[in-house]
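The next block holds one structure in the form of structure tokens; read it before the comments.
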Number of protein chains: 2
Amino acid sequence: MSERFVIIGGDAAGMSAASKARRSDPNLEIIVLEKGEWVSYGACGLPYYVKGEVEQIEDLVAITPEEFVEKRNIDLRLNHEVTEIRPERKSIIVAEGGEEQEMRFDKLLIAVGASPIVPDIPGSDMEEVFTLHGLDDGKEIRSFVEEKPPDRAAIVGGGYIGIEMAEALHDRGLEVDVIEGLSRLLTPFNPDVSDVVQSHLSERVDVHLNDFVEGISRVGSEELRISFGGQEILSDMVVMAAGVQPNVQLAEEAGVKLGPTGAISTDEYGRTNFPDVFAAGDCAEATNTLTGGPDYVPLALTANRDGRAIGSTVGGDPVLLAEIAGTAVLKAFDLEVARTGLAVEDRARREGFDPISVTIKAPSRAGYYPGPKRIDVSLVADETSGLLLGGSMVGKEGVSKRIDTLAAALSASMTVSELENLDLSYAPPFGPTWDPLLTAAKVLAGRLNRL
Amino acid sequence: MSERFVIIGGDAAGMSAASKARRSDPNLEIIVLEKGEWVSYGACGLPYYVKGEVEQIEDLVAITPEEFVEKRNIDLRLNHEVTEIRPERKSIIVAEGGEEQEMRFDKLLIAVGASPIVPDIPGSDMEEVFTLHGLDDGKEIRSFVEEKPPDRAAIVGGGYIGIEMAEALHDRGLEVDVIEGLSRLLTPFNPDVSDVVQSHLSERVDVHLNDFVEGISRVGSEELRISFGGQEILSDMVVMAAGVQPNVQLAEEAGVKLGPTGAISTDEYGRTNFPDVFAAGDCAEATNTLTGGPDYVPLALTANRDGRAIGSTVGGDPVLLAEIAGTAVLKAFDLEVARTGLAVEDRARREGFDPISVTIKAPSRAGYYPGPKRIDVSLVADETSGLLLGGSMVGKEGVSKRIDTLAAALSASMTVSELENLDLSYAPPFGPTWDPLLTAAKVLAGRLNRL
């Protein structure tokens with residue numbers, strides 16, 4: 001009897017693991033149990049589906065269930081929900097069509113993802129209150145927006161999804177309110193950078209800060225009243241975009257250990273405290289390359305990569321999981337906004353560093369070349385060691401891939417001076433002679449030298 | 001008497017050194033001798049001045065002579081040519097207005113740049129034969145193009161300047177021939193990448209390969225006949241863009257040592273074999289970060305940075321010169337083309353490595369996001385060590401700053417596997433989940449593992 005690899009969850013981490021395990025070991029029995037209908041989809045594309053730039057929801061599916069089954073010889077079972085994990089017995093309980101049955105495994109991967117955080121407030125269960133997580137969520141919002149159609153939308157949360165949805169709904173002609181409980185948008189970014197985003201957004205939508213939503217109630221037959229910090233606004237729909245939390249209940253009930261972030265803790269190969277049980281993707285922790293400690297940054301690349309590594313390990317070719325720097329980029333209307341590492345001084349201080357930071361403004365092209373835009377670059381370093389800790393940046397062009405240079409520098413544990421000395425590219429259409437990153441490093445190195 | 005720092009040459013390296021030395025030491029006497037009229041200009045912008053996108057030639061001047069004199073207290077002397085260096089006497093001979101005089105120095109910087117290579121062929125001195133190096137060259141070409149105006153231009157050389165000039169003149173409505181003596185354009189780039197550029201150019205201009213120009217002669221009163229490899233073409237003007245050579249005569253006559261590349265050899269502080277005589281910019285070598293040996297890659301950032309470092313050193317705060325990876329980017333009509341490191345297998349082999357390379361094609365955005373363009377990424381690694389050696393890439397978007405991630409990886413001596421594990425940014429408008437760099441690294445790592 002061949003070895004059996006069971007995977008719970010059919011999205012990025014799960015299907016990457018299944019595909020890689022198949023390539024590594026043609027004889028492995030690979031079963032994927034997905035509780036829903038969709039597998040291997042690009043959830044990051046949902047705002048653009050709602051916006052209408054992505055036409056069909058099926059366009060977001062990278063690989064169809066048929067391909068997995070027929071071309072990759074993966075036993076993919078849709079509408080199969082795992083209700084219990086029994087690590088000691090090396091089995092799980094699977095529910096399908098009202099029936100439950102026990103299934104044995106040799107290796108198990110928990111790749112059950114995360115769920116949107118919905119604040120526990122009155123009215124959060126009304127039908128005009130949406131979240132945006134799975135493909136069905138995207139279909140519901142787009143149908144509502146196209147069929148009703150609403151005039152106003154309130155978005156609860158000023159993070160990635162909140163801002164992308166603000167753009168999508170504004171583009172569809174709605175008046176949009178963004179309500180963020182903290183004092184600024186995009187809190188994982190340096191304040192100098194998030195402030196630029198905030199002004200840009202404020203020219204297009206109403207941004208409310210410093211207050212958490214307290215309740216949603218109906219006014220008349222259709223309109224909603226949203227209350228926060230003594231204020232009230234009216235809207236036709238609400239999108240809850242207050243972040244996600246890892247789906248850990250199944251694991252926790254089985255005795256799988258969680259880490260300090262609340263997500264599933266694993267070793268460097270993705271193994272939980274049960275050596276035959278792995279976890280990856282939005283339900284699991286990863287190792288932060290700067291702190292060396294566990295971190296929870298649920299993003300698509302990490303899910304894909306860790307799933308792939310575990311698939312290889314289970315298939316007989318052990319691969320270490322990659323560390324993460326928390327690199328992220330988003331489009332916010334006409335802006336590109338990006339971050340990596342410990343981009344905010346407070347966070348760096350909490351991790352035991354002695355942070356110092358600068359923010360510089362530079363043009364995206366040579367000053368004389370037509371159409372330069374402004375780029376704001378913010379860097380954080382450790383005062384004691386001169387080590388680069390993180391950065392964030394914003395601008396109308398030239399930001400999305402510039403952040404990756406910083407991510408590479410962080411992975412290599414570069415100091416600010418080493419960053420300043422990088423031989424970066426230059427041509428008038430693409431930047432000034434001193435790249436904005438180099439200018440920022442130069443200014444920061446100057447401050448470090450004066451200390 | 002305060003110490004005197006004399007600088008020969010008033011462009012990037014010279015003026016950067018002067019400015020930084022002034023900031024480091026307010027009491028230093030700083031004299032800059034520039035044989036021409038222009039200082040501190042962006043020669044890289046000349047093709048865009050010829051094209052007409054940069055309106056005034058003065059727009060290319062970063063800082064005016066008056067600012068250097070008045071705001072930075074630098075004794076800048078235009079139209080002063082240095083005709084001799086006497087290192088043992090610590091003096092130079094300066095010619096101005098027909099008079100020569102000796103000037104002492106405590107520290108000297110040779111920053112005399114490079115000159116365009118003009119093939120020694122019949123007709124190369126005709127008035128319709130141009131080079132593009134200084135601002136006056138740019139003015140001459142633009143005047144000729146605007147006043148004559150010519151119908152056809154032949155460009156000799158298929159490197160950066162040749163391609164940028166092809167774009168500029170094509171944009172002005174000329175029919176353009178590009179004549180390259182070697183078998184392909186852009187030889188410092190991987191052939192897979194330069195081939196893409198070549199097809200793109202061939203749709204817009206006539207590209208002739210494999211033959212060096214043998215002569216230029218006049219046909220009738222105005223037209224020129226250009227001969228190469230048994231062929232002849234007619235044209236109204238010729239631009240010689242066959243590369244540059246370092247200006248070393250003055251240094252060589254003074255006993256300043258040249259390196260294996262033919263440019264001035266320096267130590268890690270930019271000192272020549274005479275400890276009080278420095279050299280920087282397009283006349284000097286730099287240290288290649290991959291080989292650890294001397295290299296000659298005359299580009300703007302290196303000139304600026306090395307000048308600045310030497311200015312700091314002379315001003316009392318010693319700064320090591322940065323190593324170079326040879327990172328470069330250019331716009332070639334609608335393409336962005338970039339390279340870094342040892343991007344061609346042959347070059348890597350000559351440097352003692354055992355190269356292996358791959359080229360992959362990837363989209364510049366998520367597949368479902370509107371408007372993805374193709375990016376070709378080529379990577380070279382050392383088979384024995386797995387060390388990343390270089391890369392080149394081409395595409396209609398997302399190339400210019402992506403190359404910098406590779407440059408950072410090269411500086412950090414990353415292996416291909418380390419590159420593959422970088423936590424790079426992802427959002428649907430800016431790339432696929434696996435960045436094209438990561439995909440290329442993954443494919444190359446797969447090949448390395450199979451060996």
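Identifiers in this document derive from the order of the structure tokens: chains are assigned A, B, ..., residues are numbered from 1 separately in each chain, and ligands are numbered from 1 in order of occurrence.
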
Check: Neighbours of Ile179 of chain A within 10 Å (only C-alpha atoms; same-chain residues fewer than 3 positions away dropped), as JSON, numbers by chain?
Finding: {"A": [154, 155, 156, 157, 158, 162, 176, 182, 185, 206, 207, 208, 209, 210, 211, 212, 213, 226, 228, 240, 241, 242]}

Next item on the list: Just need the residues of chain B within 6 Å of chain A, counting only C-alpha atoms, so spit them out as a list in words.
Entry: Asp59, Leu301, Ala322, Ile324, Ala325, Thr327, Ala328, Val329, Leu330, Tyr368, Lys401, Arg402, Asp404, Thr405, Ala412, Asn421, Asp423, Leu424, Ser425, Ala427 and Thr433 of chain B

Next item on the list: Can you pull out every residue within 12 Å of Gly255 of chain B, counting only C-alpha atoms, but drop anything in the same chain fewer than 4 positions away, and send it as a PyMOL selection string?
Entry: chain B and resi 84-88+248-251+264-265+272-274+277

Since we have the selection now, will you write its residues out, keeping N, CA, C and O atoms, as a PDB file, in the first residue's frame?
```
ATOM      1  N   GLU B  84      49.631  68.846 -18.215  1.00  0.00           N
ATOM      2  CA  GLU B  84      50.657  67.978 -17.662  1.00  0.00           C
ATOM      3  C   GLU B  84      50.447  67.801 -16.158  1.00  0.00           C
ATOM      4  O   GLU B  84      50.040  68.732 -15.462  1.00  0.00           O
ATOM      5  N   ILE B  85      50.701  66.582 -15.698  1.00  0.00           N
ATOM      6  CA  ILE B  85      50.676  66.329 -14.251  1.00  0.00           C
ATOM      7  C   ILE B  85      52.097  65.980 -13.833  1.00  0.00           C
ATOM      8  O   ILE B  85      52.763  65.174 -14.486  1.00  0.00           O
ATOM      9  N   ARG B  86      52.565  66.597 -12.742  1.00  0.00           N
ATOM     10  CA  ARG B  86      53.904  66.287 -12.227  1.00  0.00           C
ATOM     11  C   ARG B  86      53.764  65.751 -10.808  1.00  0.00           C
ATOM     12  O   ARG B  86      53.895  66.504  -9.823  1.00  0.00           O
ATOM     13  N   PRO B  87      53.487  64.472 -10.701  1.00  0.00           N
ATOM     14  CA  PRO B  87      53.141  63.904  -9.387  1.00  0.00           C
ATOM     15  C   PRO B  87      54.231  64.108  -8.349  1.00  0.00           C
ATOM     16  O   PRO B  87      53.932  64.412  -7.193  1.00  0.00           O
ATOM     17  N   GLU B  88      55.492  63.940  -8.754  1.00  0.00           N
ATOM     18  CA  GLU B  88      56.565  64.074  -7.756  1.00  0.00           C
ATOM     19  C   GLU B  88      56.670  65.491  -7.227  1.00  0.00           C
ATOM     20  O   GLU B  88      56.993  65.705  -6.058  1.00  0.00           O
ATOM     21  N   VAL B 248      43.086  58.645 -20.809  1.00  0.00           N
ATOM     22  CA  VAL B 248      44.189  58.283 -19.914  1.00  0.00           C
ATOM     23  C   VAL B 248      45.528  58.898 -20.313  1.00  0.00           C
ATOM     24  O   VAL B 248      46.521  58.729 -19.602  1.00  0.00           O
ATOM     25  N   GLN B 249      45.558  59.624 -21.416  1.00  0.00           N
ATOM     26  CA  GLN B 249      46.850  60.102 -21.925  1.00  0.00           C
ATOM     27  C   GLN B 249      47.600  60.965 -20.899  1.00  0.00           C
ATOM     28  O   GLN B 249      48.773  60.729 -20.612  1.00  0.00           O
ATOM     29  N   LEU B 250      46.875  61.922 -20.344  1.00  0.00           N
ATOM     30  CA  LEU B 250      47.479  62.831 -19.363  1.00  0.00           C
ATOM     31  C   LEU B 250      48.052  62.051 -18.176  1.00  0.00           C
ATOM     32  O   LEU B 250      49.189  62.296 -17.730  1.00  0.00           O
ATOM     33  N   ALA B 251      47.274  61.099 -17.688  1.00  0.00           N
ATOM     34  CA  ALA B 251      47.709  60.300 -16.547  1.00  0.00           C
ATOM     35  C   ALA B 251      48.907  59.418 -16.922  1.00  0.00           C
ATOM     36  O   ALA B 251      49.907  59.344 -16.189  1.00  0.00           O
ATOM     37  N   ILE B 264      42.472  53.974 -15.617  1.00  0.00           N
ATOM     38  CA  ILE B 264      43.390  54.233 -14.509  1.00  0.00           C
ATOM     39  C   ILE B 264      43.094  53.284 -13.345  1.00  0.00           C
ATOM     40  O   ILE B 264      41.947  53.099 -12.947  1.00  0.00           O
ATOM     41  N   SER B 265      44.150  52.698 -12.829  1.00  0.00           N
ATOM     42  CA  SER B 265      44.026  51.751 -11.721  1.00  0.00           C
ATOM     43  C   SER B 265      44.062  52.517 -10.394  1.00  0.00           C
ATOM     44  O   SER B 265      44.862  53.434 -10.228  1.00  0.00           O
ATOM     45  N   THR B 272      45.657  56.498  -6.914  1.00  0.00           N
ATOM     46  CA  THR B 272      46.490  55.885  -7.952  1.00  0.00           C
ATOM     47  C   THR B 272      47.800  55.429  -7.297  1.00  0.00           C
ATOM     48  O   THR B 272      47.929  55.439  -6.069  1.00  0.00           O
ATOM     49  N   ASN B 273      48.774  55.042  -8.134  1.00  0.00           N
ATOM     50  CA  ASN B 273      50.083  54.659  -7.584  1.00  0.00           C
ATOM     51  C   ASN B 273      50.792  55.838  -6.916  1.00  0.00           C
ATOM     52  O   ASN B 273      51.741  55.645  -6.162  1.00  0.00           O
ATOM     53  N   PHE B 274      50.337  57.066  -7.147  1.00  0.00           N
ATOM     54  CA  PHE B 274      50.827  58.221  -6.366  1.00  0.00           C
ATOM     55  C   PHE B 274      49.801  58.514  -5.279  1.00  0.00           C
ATOM     56  O   PHE B 274      48.657  58.862  -5.585  1.00  0.00           O
ATOM     57  N   VAL B 277      47.405  61.379  -5.493  1.00  0.00           N
ATOM     58  CA  VAL B 277      46.685  61.547  -6.762  1.00  0.00           C
ATOM     59  C   VAL B 277      45.588  60.492  -6.865  1.00  0.00           C
ATOM     60  O   VAL B 277      45.862  59.295  -6.870  1.00  0.00           O
TER      61      VAL B 277
END
```

Name all residues at most 8 Å from Ile31 of chain B (count only C-alpha atoms; drop same-chain ones fewer than 4 positions away) and give them as a PDB file with all heavy atoms, in the first residue's frame.
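What landed in around-v2.pdb:
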```pdb
ATOM      1  N   ARG B   4      45.275  72.365  -0.320  1.00  0.00           N
ATOM      2  CA  ARG B   4      44.648  72.599  -1.632  1.00  0.00           C
ATOM      3  C   ARG B   4      44.312  71.277  -2.336  1.00  0.00           C
ATOM      4  O   ARG B   4      45.181  70.444  -2.566  1.00  0.00           O
ATOM      5  CB  ARG B   4      45.582  73.419  -2.512  1.00  0.00           C
ATOM      6  CG  ARG B   4      44.993  73.678  -3.909  1.00  0.00           C
ATOM      7  CD  ARG B   4      45.982  74.374  -4.800  1.00  0.00           C
ATOM      8  NE  ARG B   4      46.069  75.802  -4.500  1.00  0.00           N
ATOM      9  CZ  ARG B   4      46.918  76.630  -5.114  1.00  0.00           C
ATOM     10  NH1 ARG B   4      47.753  76.153  -6.044  1.00  0.00           N
ATOM     11  NH2 ARG B   4      46.951  77.905  -4.800  1.00  0.00           N
ATOM     12  N   PHE B   5      43.046  71.151  -2.697  1.00  0.00           N
ATOM     13  CA  PHE B   5      42.539  69.983  -3.424  1.00  0.00           C
ATOM     14  C   PHE B   5      42.229  70.440  -4.847  1.00  0.00           C
ATOM     15  O   PHE B   5      41.347  71.275  -5.048  1.00  0.00           O
ATOM     16  CB  PHE B   5      41.274  69.469  -2.721  1.00  0.00           C
ATOM     17  CG  PHE B   5      40.631  68.251  -3.350  1.00  0.00           C
ATOM     18  CD1 PHE B   5      41.357  67.316  -4.088  1.00  0.00           C
ATOM     19  CD2 PHE B   5      39.260  68.014  -3.162  1.00  0.00           C
ATOM     20  CE1 PHE B   5      40.745  66.194  -4.630  1.00  0.00           C
ATOM     21  CE2 PHE B   5      38.636  66.890  -3.699  1.00  0.00           C
ATOM     22  CZ  PHE B   5      39.386  65.982  -4.439  1.00  0.00           C
ATOM     23  N   VAL B   6      42.997  69.915  -5.799  1.00  0.00           N
ATOM     24  CA  VAL B   6      42.775  70.285  -7.198  1.00  0.00           C
ATOM     25  C   VAL B   6      42.088  69.135  -7.929  1.00  0.00           C
ATOM     26  O   VAL B   6      42.465  67.967  -7.769  1.00  0.00           O
ATOM     27  CB  VAL B   6      44.120  70.633  -7.890  1.00  0.00           C
ATOM     28  CG1 VAL B   6      43.898  70.889  -9.389  1.00  0.00           C
ATOM     29  CG2 VAL B   6      44.747  71.855  -7.226  1.00  0.00           C
ATOM     30  N   ILE B   7      41.080  69.483  -8.704  1.00  0.00           N
ATOM     31  CA  ILE B   7      40.297  68.474  -9.424  1.00  0.00           C
ATOM     32  C   ILE B   7      40.349  68.788 -10.912  1.00  0.00           C
ATOM     33  O   ILE B   7      40.064  69.919 -11.319  1.00  0.00           O
ATOM     34  CB  ILE B   7      38.832  68.489  -8.929  1.00  0.00           C
ATOM     35  CG1 ILE B   7      38.786  68.099  -7.443  1.00  0.00           C
ATOM     36  CG2 ILE B   7      37.963  67.566  -9.770  1.00  0.00           C
ATOM     37  CD1 ILE B   7      37.459  68.370  -6.768  1.00  0.00           C
ATOM     38  N   ILE B  74      33.483  76.888  -4.166  1.00  0.00           N
ATOM     39  CA  ILE B  74      34.424  76.069  -4.943  1.00  0.00           C
ATOM     40  C   ILE B  74      35.020  76.957  -6.037  1.00  0.00           C
ATOM     41  O   ILE B  74      34.285  77.647  -6.752  1.00  0.00           O
ATOM     42  CB  ILE B  74      33.698  74.854  -5.555  1.00  0.00           C
ATOM     43  CG1 ILE B  74      33.316  73.870  -4.432  1.00  0.00           C
ATOM     44  CG2 ILE B  74      34.554  74.168  -6.616  1.00  0.00           C
ATOM     45  CD1 ILE B  74      32.298  72.856  -4.816  1.00  0.00           C
ATOM     46  N   ASP B  75      36.322  76.942  -6.144  1.00  0.00           N
ATOM     47  CA  ASP B  75      37.020  77.778  -7.138  1.00  0.00           C
ATOM     48  C   ASP B  75      36.997  77.041  -8.487  1.00  0.00           C
ATOM     49  O   ASP B  75      37.921  76.334  -8.841  1.00  0.00           O
ATOM     50  CB  ASP B  75      38.459  78.012  -6.648  1.00  0.00           C
ATOM     51  CG  ASP B  75      39.235  78.935  -7.578  1.00  0.00           C
ATOM     52  OD1 ASP B  75      38.715  79.284  -8.658  1.00  0.00           O
ATOM     53  OD2 ASP B  75      40.373  79.287  -7.218  1.00  0.00           O
ATOM     54  N   LEU B  76      35.899  77.250  -9.186  1.00  0.00           N
ATOM     55  CA  LEU B  76      35.682  76.538 -10.452  1.00  0.00           C
ATOM     56  C   LEU B  76      36.175  77.395 -11.610  1.00  0.00           C
ATOM     57  O   LEU B  76      35.748  78.542 -11.765  1.00  0.00           O
ATOM     58  CB  LEU B  76      34.179  76.253 -10.594  1.00  0.00           C
ATOM     59  CG  LEU B  76      33.704  75.747 -11.967  1.00  0.00           C
ATOM     60  CD1 LEU B  76      34.365  74.427 -12.341  1.00  0.00           C
ATOM     61  CD2 LEU B  76      32.170  75.579 -11.931  1.00  0.00           C
ATOM     62  N   ARG B  77      37.073  76.846 -12.388  1.00  0.00           N
ATOM     63  CA  ARG B  77      37.637  77.615 -13.507  1.00  0.00           C
ATOM     64  C   ARG B  77      37.314  76.913 -14.829  1.00  0.00           C
ATOM     65  O   ARG B  77      37.880  75.856 -15.134  1.00  0.00           O
ATOM     66  CB  ARG B  77      39.151  77.750 -13.329  1.00  0.00           C
ATOM     67  CG  ARG B  77      39.504  78.315 -11.958  1.00  0.00           C
ATOM     68  CD  ARG B  77      40.983  78.550 -11.788  1.00  0.00           C
ATOM     69  NE  ARG B  77      41.282  78.889 -10.390  1.00  0.00           N
ATOM     70  CZ  ARG B  77      42.509  79.134  -9.918  1.00  0.00           C
ATOM     71  NH1 ARG B  77      43.562  79.070 -10.739  1.00  0.00           N
ATOM     72  NH2 ARG B  77      42.693  79.439  -8.636  1.00  0.00           N
TER      73      ARG B  77
END
```

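Taking atom CA of Glu223 of chain A and atom CA of Gly123 of chain A as endpoints, the distance between them is 12.4 Å.
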
Check: Could you pull out the strand (DSSP E) residues of segment 103-288 of chain B from DSSP and send them as a ChimeraX atom specification?
Finding: /B:103-104,107-110,114-116,129-131,152-156,175-179,206-208,213-219,223-228,231-235,237-240,244-246,277-279,286-287

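Nearest residue to Pro355 of chain A among A:Ala18, A:Val443, A:Leu109, A:Leu379 is A:Leu379, counting only C-alpha atoms.
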